[in-house]
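Enquirer: Here you go, model32.cif (mmCIF, C-alpha atoms):
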```cif
data_data
#
loop_
_atom_site.label_atom_id
_atom_site.label_comp_id
_atom_site.auth_asym_id
_atom_site.auth_seq_id
_atom_site.Cartn_x
_atom_site.Cartn_y
_atom_site.Cartn_z
CA MET V 1 -10.37 -22.78 0.20
CA SER V 2 -7.16 -24.71 -0.36
CA SER V 3 -4.44 -25.02 2.28
CA PRO V 4 -1.92 -22.83 0.35
CA VAL V 5 -4.51 -20.05 0.05
CA ARG V 6 -5.26 -20.21 3.79
CA ARG V 7 -1.55 -20.11 4.50
CA LEU V 8 -1.17 -17.09 2.20
CA LEU V 9 -3.96 -15.23 4.03
CA VAL V 10 -2.50 -16.02 7.46
CA GLY V 11 0.97 -14.93 6.40
CA ARG V 12 -0.22 -11.67 4.86
CA THR V 13 -2.33 -10.88 7.93
CA ILE V 14 0.63 -11.36 10.27
CA ALA V 15 2.90 -9.29 8.01
CA ALA V 16 0.31 -6.50 7.82
CA LEU V 17 0.05 -6.36 11.61
CA ALA V 18 3.83 -6.28 12.01
CA THR V 19 4.17 -3.53 9.41
CA ALA V 20 1.47 -1.42 11.04
CA LEU V 21 3.11 -1.69 14.49
CA ILE V 22 6.29 0.04 13.35
CA PRO V 23 5.25 3.73 12.95
CA THR V 24 3.62 4.04 16.38
CA THR V 25 6.44 2.17 18.11
CA LEU V 26 9.19 4.24 16.51
CA THR V 27 7.35 7.50 17.08
CA LEU V 28 6.83 6.83 20.78
CA ALA V 29 10.37 5.49 21.20
CA VAL V 30 12.00 8.56 19.68
CA VAL V 31 9.71 10.97 21.51
CA ARG V 32 10.56 9.24 24.79
CA ALA V 33 14.27 9.23 24.05
CA THR V 34 14.87 12.76 22.76
CA GLY V 35 11.56 14.53 22.24
CA SER V 36 13.03 16.00 19.04
CA ALA V 37 10.86 16.45 15.95
CA GLY V 38 14.06 16.51 13.90
CA ASP V 39 15.12 13.10 15.23
CA LEU V 40 11.68 11.67 14.52
CA GLY V 41 11.70 13.08 10.99
CA LEU V 42 15.17 11.59 10.39
CA VAL V 43 14.11 8.12 11.54
CA LEU V 44 10.93 8.12 9.44
CA ALA V 45 12.75 9.50 6.37
CA CYS V 46 15.43 6.83 6.70
CA GLU V 47 12.73 4.19 6.29
CA MET V 48 11.09 5.90 3.31
CA ILE V 49 14.11 6.81 1.16
CA PRO V 50 15.62 3.28 0.82
CA MET V 51 12.12 2.00 0.10
CA LEU V 52 11.79 4.32 -2.89
CA LEU V 53 15.28 3.59 -4.16
CA MET V 54 14.85 -0.18 -3.82
CA LEU V 55 11.48 -0.62 -5.53
CA PRO V 56 12.73 -0.76 -9.16
CA VAL V 57 15.40 -3.24 -8.08
CA ALA V 58 12.80 -5.27 -6.20
CA GLY V 59 10.63 -5.46 -9.31
CA VAL V 60 13.45 -7.15 -11.23
CA VAL V 61 14.12 -9.51 -8.31
CA ALA V 62 10.43 -10.46 -8.14
CA ASP V 63 10.46 -11.43 -11.83
CA ARG V 64 13.70 -13.41 -11.56
CA PHE V 65 13.19 -15.56 -8.47
CA PRO V 66 10.35 -17.59 -6.93
CA PRO V 67 8.11 -15.08 -5.13
CA GLN V 68 7.87 -17.08 -1.92
CA ARG V 69 11.67 -16.97 -1.55
CA VAL V 70 11.75 -13.23 -2.15
CA VAL V 71 9.01 -12.67 0.45
CA LEU V 72 10.87 -14.96 2.87
CA ALA V 73 14.05 -12.89 2.49
CA ALA V 74 12.17 -9.59 2.77
CA ASP V 75 10.37 -10.54 5.98
CA LEU V 76 13.54 -11.98 7.53
CA VAL V 77 15.36 -8.71 6.80
CA ARG V 78 12.56 -6.66 8.36
CA GLY V 79 12.35 -9.03 11.33
CA ALA V 80 16.10 -8.84 11.97
CA ALA V 81 16.04 -5.03 11.77
CA GLN V 82 13.16 -4.79 14.23
CA LEU V 83 14.86 -7.22 16.62
CA GLY V 84 17.90 -4.94 16.42
CA VAL V 85 15.71 -1.98 17.36
CA ALA V 86 14.25 -4.03 20.23
CA ALA V 87 17.71 -4.95 21.53
CA GLU V 88 18.78 -1.31 21.65
CA LEU V 89 15.56 -0.09 23.24
CA LEU V 90 15.52 -2.87 25.83
CA ALA V 91 19.15 -2.12 26.70
CA GLY V 92 18.07 1.43 27.52
CA VAL V 93 20.68 3.06 25.28
CA VAL V 94 18.85 4.76 22.41
CA ARG V 95 21.19 6.06 19.71
CA ILE V 96 19.27 7.84 16.97
CA PRO V 97 21.85 6.98 14.23
CA ASP V 98 21.44 3.28 15.08
CA ILE V 99 17.63 3.49 14.97
CA ALA V 100 17.85 5.41 11.67
CA VAL V 101 20.04 2.73 10.06
CA LEU V 102 17.76 -0.06 11.26
CA SER V 103 14.77 1.87 9.93
CA ALA V 104 16.52 2.14 6.56
CA ILE V 105 17.02 -1.64 6.53
CA THR V 106 13.34 -2.10 7.39
CA GLY V 107 12.32 0.15 4.48
CA ALA V 108 14.58 -1.75 2.10
CA GLY V 109 13.01 -5.03 3.24
CA LEU V 110 9.51 -3.66 2.66
CA ALA V 111 10.47 -2.57 -0.85
CA LEU V 112 12.03 -5.96 -1.60
CA GLY V 113 8.86 -7.86 -0.73
CA THR V 114 6.21 -5.52 -2.14
CA PRO V 115 6.32 -6.52 -5.85
CA ALA V 116 6.81 -10.21 -5.02
CA VAL V 117 3.61 -10.41 -2.94
CA ARG V 118 1.47 -9.61 -5.98
CA THR V 119 3.26 -12.31 -7.98
CA LEU V 120 2.87 -14.77 -5.11
CA VAL V 121 -0.90 -14.23 -5.03
CA ALA V 122 -1.05 -14.83 -8.79
CA ALA V 123 0.91 -18.07 -8.40
CA VAL V 124 -1.02 -19.47 -5.44
CA VAL V 125 -4.61 -18.39 -6.17
CA ALA V 126 -6.69 -19.54 -9.13
CA ASP V 127 -7.83 -16.74 -11.43
CA GLN V 128 -11.50 -17.01 -10.47
CA GLU V 129 -10.67 -16.72 -6.75
CA ARG V 130 -8.21 -13.82 -6.88
CA LEU V 131 -10.69 -11.02 -6.32
CA ARG V 132 -12.09 -12.66 -3.20
CA VAL V 133 -8.61 -13.43 -1.84
CA ASN V 134 -7.35 -9.93 -2.60
CA ALA V 135 -10.39 -8.57 -0.76
CA ARG V 136 -9.65 -10.70 2.29
CA ILE V 137 -6.04 -9.51 2.28
CA GLY V 138 -7.36 -5.95 2.08
CA VAL V 139 -9.65 -6.52 5.07
CA ALA V 140 -6.70 -7.90 7.05
CA GLN V 141 -4.58 -4.87 6.18
CA GLY V 142 -7.39 -2.49 7.12
CA LEU V 143 -7.94 -4.19 10.47
CA ALA V 144 -4.18 -4.12 11.10
CA GLN V 145 -4.20 -0.34 10.65
CA VAL V 146 -6.85 -0.15 13.39
CA VAL V 147 -5.47 -2.72 15.83
CA ALA V 148 -1.72 -2.06 15.56
CA PRO V 149 -1.50 1.54 16.87
CA ALA V 150 -3.55 0.62 19.94
CA THR V 151 -1.46 -2.52 20.50
CA ALA V 152 1.83 -0.68 20.12
CA GLY V 153 0.64 2.14 22.38
CA ALA V 154 -0.49 -0.27 25.08
CA LEU V 155 2.82 -2.16 24.99
CA VAL V 156 4.86 1.04 25.12
CA LEU V 157 2.88 2.39 28.06
CA ALA V 158 2.88 -0.89 29.98
CA LEU V 159 6.31 -2.33 29.21
CA GLY V 160 8.25 0.09 27.03
CA PRO V 161 8.85 0.49 23.27
CA GLY V 162 11.43 -2.30 23.16
CA TRP V 163 8.76 -4.91 23.78
CA SER V 164 6.66 -3.59 20.93
CA SER V 165 9.66 -3.86 18.59
CA LEU V 166 10.34 -7.35 19.91
CA LEU V 167 6.77 -8.37 19.07
CA THR V 168 7.15 -6.82 15.61
CA GLY V 169 10.34 -8.75 14.91
CA GLY V 170 8.74 -11.99 16.06
CA LEU V 171 5.70 -11.44 13.85
CA PHE V 172 7.92 -10.88 10.82
CA ALA V 173 9.72 -14.16 11.59
CA VAL V 174 6.39 -16.01 11.71
CA SER V 175 5.27 -14.34 8.48
CA ALA V 176 8.55 -15.29 6.78
CA LEU V 177 8.17 -18.93 7.73
CA THR V 178 4.49 -18.99 6.76
CA LEU V 179 4.86 -17.37 3.34
CA GLY V 180 8.35 -18.67 2.58
CA GLY V 181 7.11 -22.23 3.03
CA LEU V 182 4.33 -21.87 0.48
CA ARG V 183 4.34 -24.29 -2.43
CA PRO V 184 2.44 -22.67 -5.32
CA ALA V 185 0.35 -25.03 -7.40
CA ARG V 186 2.24 -23.93 -10.50
CA ALA V 187 5.49 -22.23 -11.35
CA VAL V 188 5.44 -18.56 -12.26
CA ARG V 189 6.13 -17.93 -15.94
CA ARG V 190 9.56 -16.43 -16.57
CA GLY V 191 10.81 -14.57 -19.60
CA PRO V 192 14.34 -14.87 -20.94
CA ARG V 193 16.76 -13.42 -18.41
CA GLY V 194 19.14 -10.68 -19.49
CA SER V 195 21.38 -8.35 -17.53
CA PHE V 196 19.89 -6.46 -14.61
CA LEU V 197 19.73 -3.20 -16.58
CA ALA V 198 18.21 -4.99 -19.57
CA ASP V 199 15.52 -6.52 -17.36
CA LEU V 200 14.84 -3.14 -15.79
CA ARG V 201 14.54 -1.55 -19.24
CA GLU V 202 12.22 -4.30 -20.47
CA GLY V 203 10.03 -3.74 -17.41
CA TRP V 204 9.64 -0.09 -18.36
CA VAL V 205 8.90 -1.06 -21.98
CA GLU V 206 6.20 -3.45 -20.75
CA THR V 207 4.80 -0.73 -18.49
CA ARG V 208 4.50 1.67 -21.41
CA ARG V 209 2.55 -0.96 -23.37
CA HIS V 210 -0.39 -0.44 -21.01
CA PRO V 211 -1.74 3.14 -21.21
CA TRP V 212 -4.53 2.21 -18.80
CA PHE V 213 -1.90 1.31 -16.20
CA LEU V 214 0.11 4.52 -16.58
CA ALA V 215 -3.01 6.69 -16.53
CA SER V 216 -4.42 4.89 -13.48
CA VAL V 217 -1.14 5.06 -11.56
CA LEU V 218 -0.90 8.78 -12.30
CA GLY V 219 -4.41 9.23 -10.93
CA HIS V 220 -3.51 7.19 -7.84
CA GLY V 221 -0.44 9.35 -7.35
CA VAL V 222 -2.61 12.46 -7.40
CA TRP V 223 -4.97 11.14 -4.73
CA HIS V 224 -2.03 9.97 -2.58
CA LEU V 225 -0.56 13.48 -2.85
CA ALA V 226 -3.92 15.00 -1.93
CA ALA V 227 -4.25 12.55 0.96
CA GLY V 228 -1.01 13.95 2.36
CA PHE V 229 -2.60 17.40 2.33
CA LEU V 230 -5.83 16.15 3.90
CA LEU V 231 -4.13 14.17 6.67
CA THR V 232 -2.02 17.21 7.55
CA LEU V 233 -4.63 19.97 7.30
CA GLY V 234 -7.75 17.94 8.17
CA PRO V 235 -7.00 17.60 11.91
CA LEU V 236 -6.25 21.32 12.15
CA ILE V 237 -9.54 22.24 10.48
CA ALA V 238 -11.49 19.73 12.58
CA VAL V 239 -10.09 21.10 15.84
CA ARG V 240 -10.49 24.72 14.77
CA ASP V 241 -13.87 24.67 12.98
CA LEU V 242 -15.70 21.37 13.49
CA GLY V 243 -15.88 20.92 17.25
CA GLY V 244 -12.46 19.91 18.48
CA GLU V 245 -10.38 16.75 18.64
CA ALA V 246 -13.40 14.47 19.00
CA SER V 247 -14.61 15.54 15.56
CA TRP V 248 -11.39 14.35 13.92
CA VAL V 249 -11.61 11.05 15.79
CA LEU V 250 -15.18 10.61 14.54
CA ILE V 251 -14.18 11.41 10.95
CA THR V 252 -11.29 8.94 10.94
CA GLN V 253 -13.34 6.21 12.59
CA LEU V 254 -16.08 6.55 10.00
CA GLY V 255 -13.39 6.46 7.33
CA THR V 256 -12.06 3.19 8.73
CA VAL V 257 -15.55 1.71 8.70
CA GLY V 258 -16.02 2.85 5.11
CA LEU V 259 -12.70 1.33 4.05
CA LEU V 260 -13.41 -2.05 5.61
CA VAL V 261 -16.95 -2.18 4.22
CA GLY V 262 -15.63 -1.27 0.76
CA VAL V 263 -12.97 -3.98 0.79
CA TYR V 264 -15.49 -6.54 2.03
CA ALA V 265 -18.06 -5.49 -0.58
CA ALA V 266 -15.71 -5.41 -3.59
CA PRO V 267 -16.03 -9.09 -4.62
CA ARG V 268 -19.77 -9.03 -3.97
CA LEU V 269 -20.63 -6.01 -6.12
CA PRO V 270 -21.82 -6.59 -9.71
CA VAL V 271 -18.77 -4.89 -11.24
CA ARG V 272 -18.42 -5.67 -14.97
CA ARG V 273 -15.65 -3.12 -15.70
CA PRO V 274 -13.23 -3.27 -12.76
CA LEU V 275 -10.85 -0.58 -14.02
CA ALA V 276 -13.74 1.83 -14.44
CA ALA V 277 -14.81 1.10 -10.86
CA VAL V 278 -11.20 1.69 -9.76
CA ALA V 279 -11.20 5.11 -11.43
CA VAL V 280 -14.49 6.12 -9.83
CA GLY V 281 -13.34 4.82 -6.44
CA ALA V 282 -10.17 6.92 -6.60
CA ALA V 283 -12.10 9.98 -7.80
CA ALA V 284 -14.35 9.72 -4.73
CA TYR V 285 -11.44 11.02 -2.65
CA ALA V 286 -12.31 14.45 -4.06
CA LEU V 287 -15.41 14.51 -1.83
CA PRO V 288 -13.73 15.00 1.57
CA LEU V 289 -11.18 17.38 0.06
CA ALA V 290 -14.01 19.57 -1.18
CA ALA V 291 -15.94 19.19 2.11
CA PHE V 292 -12.97 20.19 4.27
CA GLY V 293 -12.18 23.21 2.10
CA PRO V 294 -14.95 25.70 3.15
CA PRO V 295 -15.37 23.69 5.62
CA MET V 296 -18.85 22.15 5.50
CA PRO V 297 -20.75 20.93 8.60
CA LEU V 298 -19.26 17.99 10.50
CA ALA V 299 -21.93 15.53 9.31
CA VAL V 300 -21.19 16.36 5.66
CA VAL V 301 -17.41 16.14 6.12
CA ALA V 302 -17.62 12.84 8.00
CA GLY V 303 -20.02 11.37 5.44
CA ALA V 304 -17.81 12.49 2.55
CA TYR V 305 -14.74 10.91 4.14
CA CYS V 306 -16.62 7.66 4.78
CA VAL V 307 -17.77 7.51 1.13
CA ALA V 308 -14.23 8.25 -0.08
CA MET V 309 -12.72 5.49 2.04
CA PHE V 310 -15.44 3.11 0.86
CA GLY V 311 -14.33 3.93 -2.70
CA LEU V 312 -10.70 3.22 -1.83
CA GLY V 313 -11.75 -0.02 -0.16
CA VAL V 314 -13.48 -1.16 -3.35
CA LEU V 315 -10.52 0.04 -5.40
CA THR V 316 -7.82 -2.01 -3.66
CA PRO V 317 -8.85 -5.61 -4.45
CA LEU V 318 -10.18 -4.66 -7.90
CA TRP V 319 -6.88 -2.99 -8.78
CA GLU V 320 -4.73 -5.88 -7.51
CA THR V 321 -6.83 -8.41 -9.38
CA SER V 322 -6.79 -6.34 -12.58
CA LEU V 323 -3.00 -6.19 -12.55
CA GLN V 324 -2.78 -9.95 -12.02
CA GLN V 325 -5.16 -10.50 -14.95
CA ARG V 326 -3.87 -7.92 -17.42
CA ILE V 327 -0.09 -7.78 -16.91
CA PRO V 328 2.01 -10.71 -18.22
CA GLU V 329 3.07 -12.81 -15.28
CA GLU V 330 6.76 -12.69 -16.21
CA ALA V 331 6.71 -8.88 -15.93
CA LEU V 332 4.25 -8.42 -13.06
CA GLY V 333 6.90 -7.61 -10.47
CA ARG V 334 8.63 -4.92 -12.54
CA VAL V 335 5.42 -3.28 -13.74
CA GLY V 336 3.89 -3.39 -10.26
CA ALA V 337 7.01 -1.78 -8.79
CA PHE V 338 6.23 1.42 -10.69
CA ASP V 339 2.79 1.45 -9.07
CA GLY V 340 4.35 1.18 -5.61
CA LEU V 341 6.98 3.79 -6.41
CA ILE V 342 4.42 6.46 -7.33
CA SER V 343 2.15 5.64 -4.40
CA PHE V 344 4.91 5.53 -1.79
CA ALA V 345 6.48 8.77 -3.02
CA ALA V 346 3.38 10.93 -3.50
CA ARG V 347 1.87 10.79 -0.01
CA PRO V 348 5.05 11.78 1.92
CA LEU V 349 5.46 14.65 -0.53
CA GLY V 350 1.94 15.83 0.27
CA LEU V 351 2.61 15.50 4.01
CA ALA V 352 5.82 17.50 3.66
CA VAL V 353 4.51 20.43 1.63
CA ALA V 354 0.96 20.78 2.99
CA ALA V 355 1.82 23.05 5.91
CA PRO V 356 4.12 25.41 3.95
CA VAL V 357 1.57 25.74 1.14
CA ALA V 358 -1.28 26.35 3.60
CA ALA V 359 0.80 28.99 5.37
CA VAL V 360 0.83 30.97 2.11
CA THR V 361 -2.62 30.23 0.66
CA GLY V 362 -4.72 29.23 3.66
CA THR V 363 -6.15 25.75 4.18
CA ALA V 364 -9.10 25.96 1.78
CA ALA V 365 -7.26 26.63 -1.50
CA PRO V 366 -4.97 23.56 -1.58
CA LEU V 367 -7.80 21.24 -0.52
CA VAL V 368 -10.24 22.51 -3.13
CA ALA V 369 -7.53 22.45 -5.80
CA GLY V 370 -6.71 18.91 -4.72
CA ALA V 371 -10.36 17.90 -5.07
CA VAL V 372 -10.44 19.18 -8.65
CA LEU V 373 -7.17 17.45 -9.56
CA VAL V 374 -8.17 14.12 -7.97
CA ALA V 375 -11.49 14.06 -9.77
CA ALA V 376 -10.02 15.14 -13.11
CA ALA V 377 -6.99 12.83 -13.07
CA ASN V 378 -8.99 9.72 -12.18
CA LEU V 379 -12.18 10.28 -14.17
CA ALA V 380 -10.09 11.05 -17.27
CA VAL V 381 -8.99 7.40 -17.18
CA LEU V 382 -12.54 6.42 -18.18
CA ALA V 383 -11.86 7.80 -21.68
CA LEU V 384 -9.37 4.98 -22.41
CA PRO V 385 -10.84 2.03 -24.35
CA ASP V 386 -8.88 -0.53 -22.30
CA VAL V 387 -10.51 0.70 -19.11
CA ARG V 388 -13.93 -0.12 -20.53
CA ARG V 389 -12.94 -3.67 -21.50
CA ALA V 390 -14.13 -6.65 -19.49
CA PRO V 391 -11.53 -8.78 -17.65
CA ALA V 392 -12.22 -11.77 -19.91
CA GLU V 393 -11.17 -9.77 -22.97
CA ALA V 394 -7.90 -8.72 -21.34
CA THR V 395 -7.14 -12.27 -20.21
CA ALA V 396 -7.86 -13.60 -23.69
CA GLU V 397 -5.39 -11.11 -25.14
CA LEU V 398 -2.64 -12.22 -22.74
CA THR V 399 -3.15 -15.90 -23.50
CA SER V 400 -3.58 -15.60 -27.27
CA PRO V 401 -0.63 -16.71 -29.43
#
```
Is it possible to give me this structure as structure tokens?
Expert:
Amino acid sequence: MSSPVRRLLVGRTIAALATALIPTTLTLAVVRATGSAGDLGLVLACEMIPMLLMLPVAGVVADRFPPQRVVLAADLVRGAAQLGVAAELLAGVVRIPDIAVLSAITGAGLALGTPAVRTLVAAVVADQERLRVNARIGVAQGLAQVVAPATAGALVLALGPGWSSLLTGGLFAVSALTLGGLRPARAVRRGPRGSFLADLREGWVETRRHPWFLASVLGHGVWHLAAGFLLTLGPLIAVRDLGGEASWVLITQLGTVGLLVGVYAAPRLPVRRPLAAVAVGAAAYALPLAAFGPPMPLAVVAGAYCVAMFGLGVLTPLWETSLQQRIPEEALGRVGAFDGLISFAARPLGLAVAAPVAAVTGTAAPLVAGAVLVAAANLAVLALPDVRRAPAEATAELTSP
């Protein structure tokens, strides 16, 4: 493994840990300060909304400027915002409007860097190594989701939430210096630059050229929406019908194991049609939705969730690598931004509407309906000819005159 690739993996691991520290830290900080669900909702929404608004802009930026510089700027913005949160929390004067504004800046920074990371991987990693590197990045992100909440919780309990935010800001600074100092082996291909609106429009035109991409992203949006329902209603069902809080802990832990095993296994599986495997992996999320609906016995529910998360683990590196192989490099940031936009928007929507819908229909109906929609939306992608093509054919098409 070359030095730039190692540096990329280290930087992405540090950034993933810093990103995963934020939700737990902010939640505990706001609960300590005011105990208001409204204040917590405001702070979390202020991070999400700028992220969604910024993603199309970030796609254009990623295709205009060297990706390592964009990632550098994004991580410095997030680090500065989190250091601002730390300063306020350590001073002992918690003003919710201030925390909300700093959360908005953090969300904007996340949006700015998201499309550029994919381009940076394409620039630094040779084509034949991308799947393995994307899998390692996925493992790092999965482990961060496990380690960060416990780390943030321990810091908050022992020292206070300000120290957790201080650690987060420091990690973003290290990530910025690590990734921003990368020197890709080759320059990223750039198309002719027009006005911002023209570039944005051309990105949408390029997106529409790939029916497999639009169909897959729609399917991913459906499972993200359904995941919002499951993560809201699942704990309630587990506590009520499956043996209490310990059952939900068991289910989520098995899901984490499944996710990590799936990401680790992805480059080692004999997958000849990656997009088909992506579709099947996303469709597997229908299993726990269907299992939670009646609900089925705990062993069945836990096994279904583990299988679903294994499918998502396999999906992640295969999807990232497929985009890097099939989308022209000069448009990768703008096209990829649409992927992030759908994914980031769908899950919060599911989280927001799950409880009101369940209050009217009960918990089983939305989960079973979600299972049907997830399976249908993702398995329908298999009907597209491009999904059944091998990666070599897609790469040959991109490089042909």
Enquirer: Name the residues captured by the PyMOL selection byres ((chain V and resi 215) around 10) when it is applied to the shown file; answer as a list in words.
Expert: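 With the PyMOL selection byres ((chain V and resi 215) around 10) on this model, the match is His210, Pro211, Trp212, Phe213, Leu214, Ser216, Val217, Leu218, Gly219, His220, Gly221, Ala279, Ala377, Asn378, Ala380, Val381, Leu382, Leu384 and Val387 of chain V.
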Enquirer: So what does the PyMOL selection byres ((chain V and resi 10) around 12) actually pick up in this one, as JSON, numbers by chain?
Expert: {"V": [3, 4, 5, 6, 7, 8, 9, 11, 12, 13, 14, 15, 16, 17, 133, 136, 137, 140, 141, 171, 174, 175, 176, 177, 178, 179, 182]}
Enquirer: Box for range 278-291 of chain V: with edges along x, y and z, all listed atoms inside and 5 Å added on each side, what are the centre and edge lengths in Å to one decimal, as AutoDock Vina command-line options?
Expert:
```
--center_x -13.1 --center_y 10.6 --center_z -4.7 --size_x 15.8 --size_y 27.9 --size_z 23.5
```
Enquirer: What does the structure give for the distance between CA of Ala108 in chain V and CA of Cys46 in chain V, in Å to one decimal?
Expert: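 The value is 9.8 Å.
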Enquirer: Could you tell me, as a list in words, exactly which residues end up selected when the PyMOL selection byres ((chain V and resi 117-132) around 7) is applied to this structure?
Expert: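 Answer for the PyMOL selection byres ((chain V and resi 117-132) around 7): Pro4, Val5, Pro67, Gln68, Val71, Gly113, Thr114, Pro115, Ala116, Val133, Asn134, Ala135, Arg136, Pro184, Ala185, Arg186, Ala187, Val188, Pro267, Pro317, Leu318, Thr321, Gln324, Leu332 and Gly333 of chain V.
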Enquirer: Which of these, V:Gln145, V:Thr232, V:Thr168, V:Thr24, has the shortest distance to Leu351 in chain V once you count all atoms listed in the file?
Expert: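 The answer is V:Thr232, which sits nearest to Leu351 in chain V.
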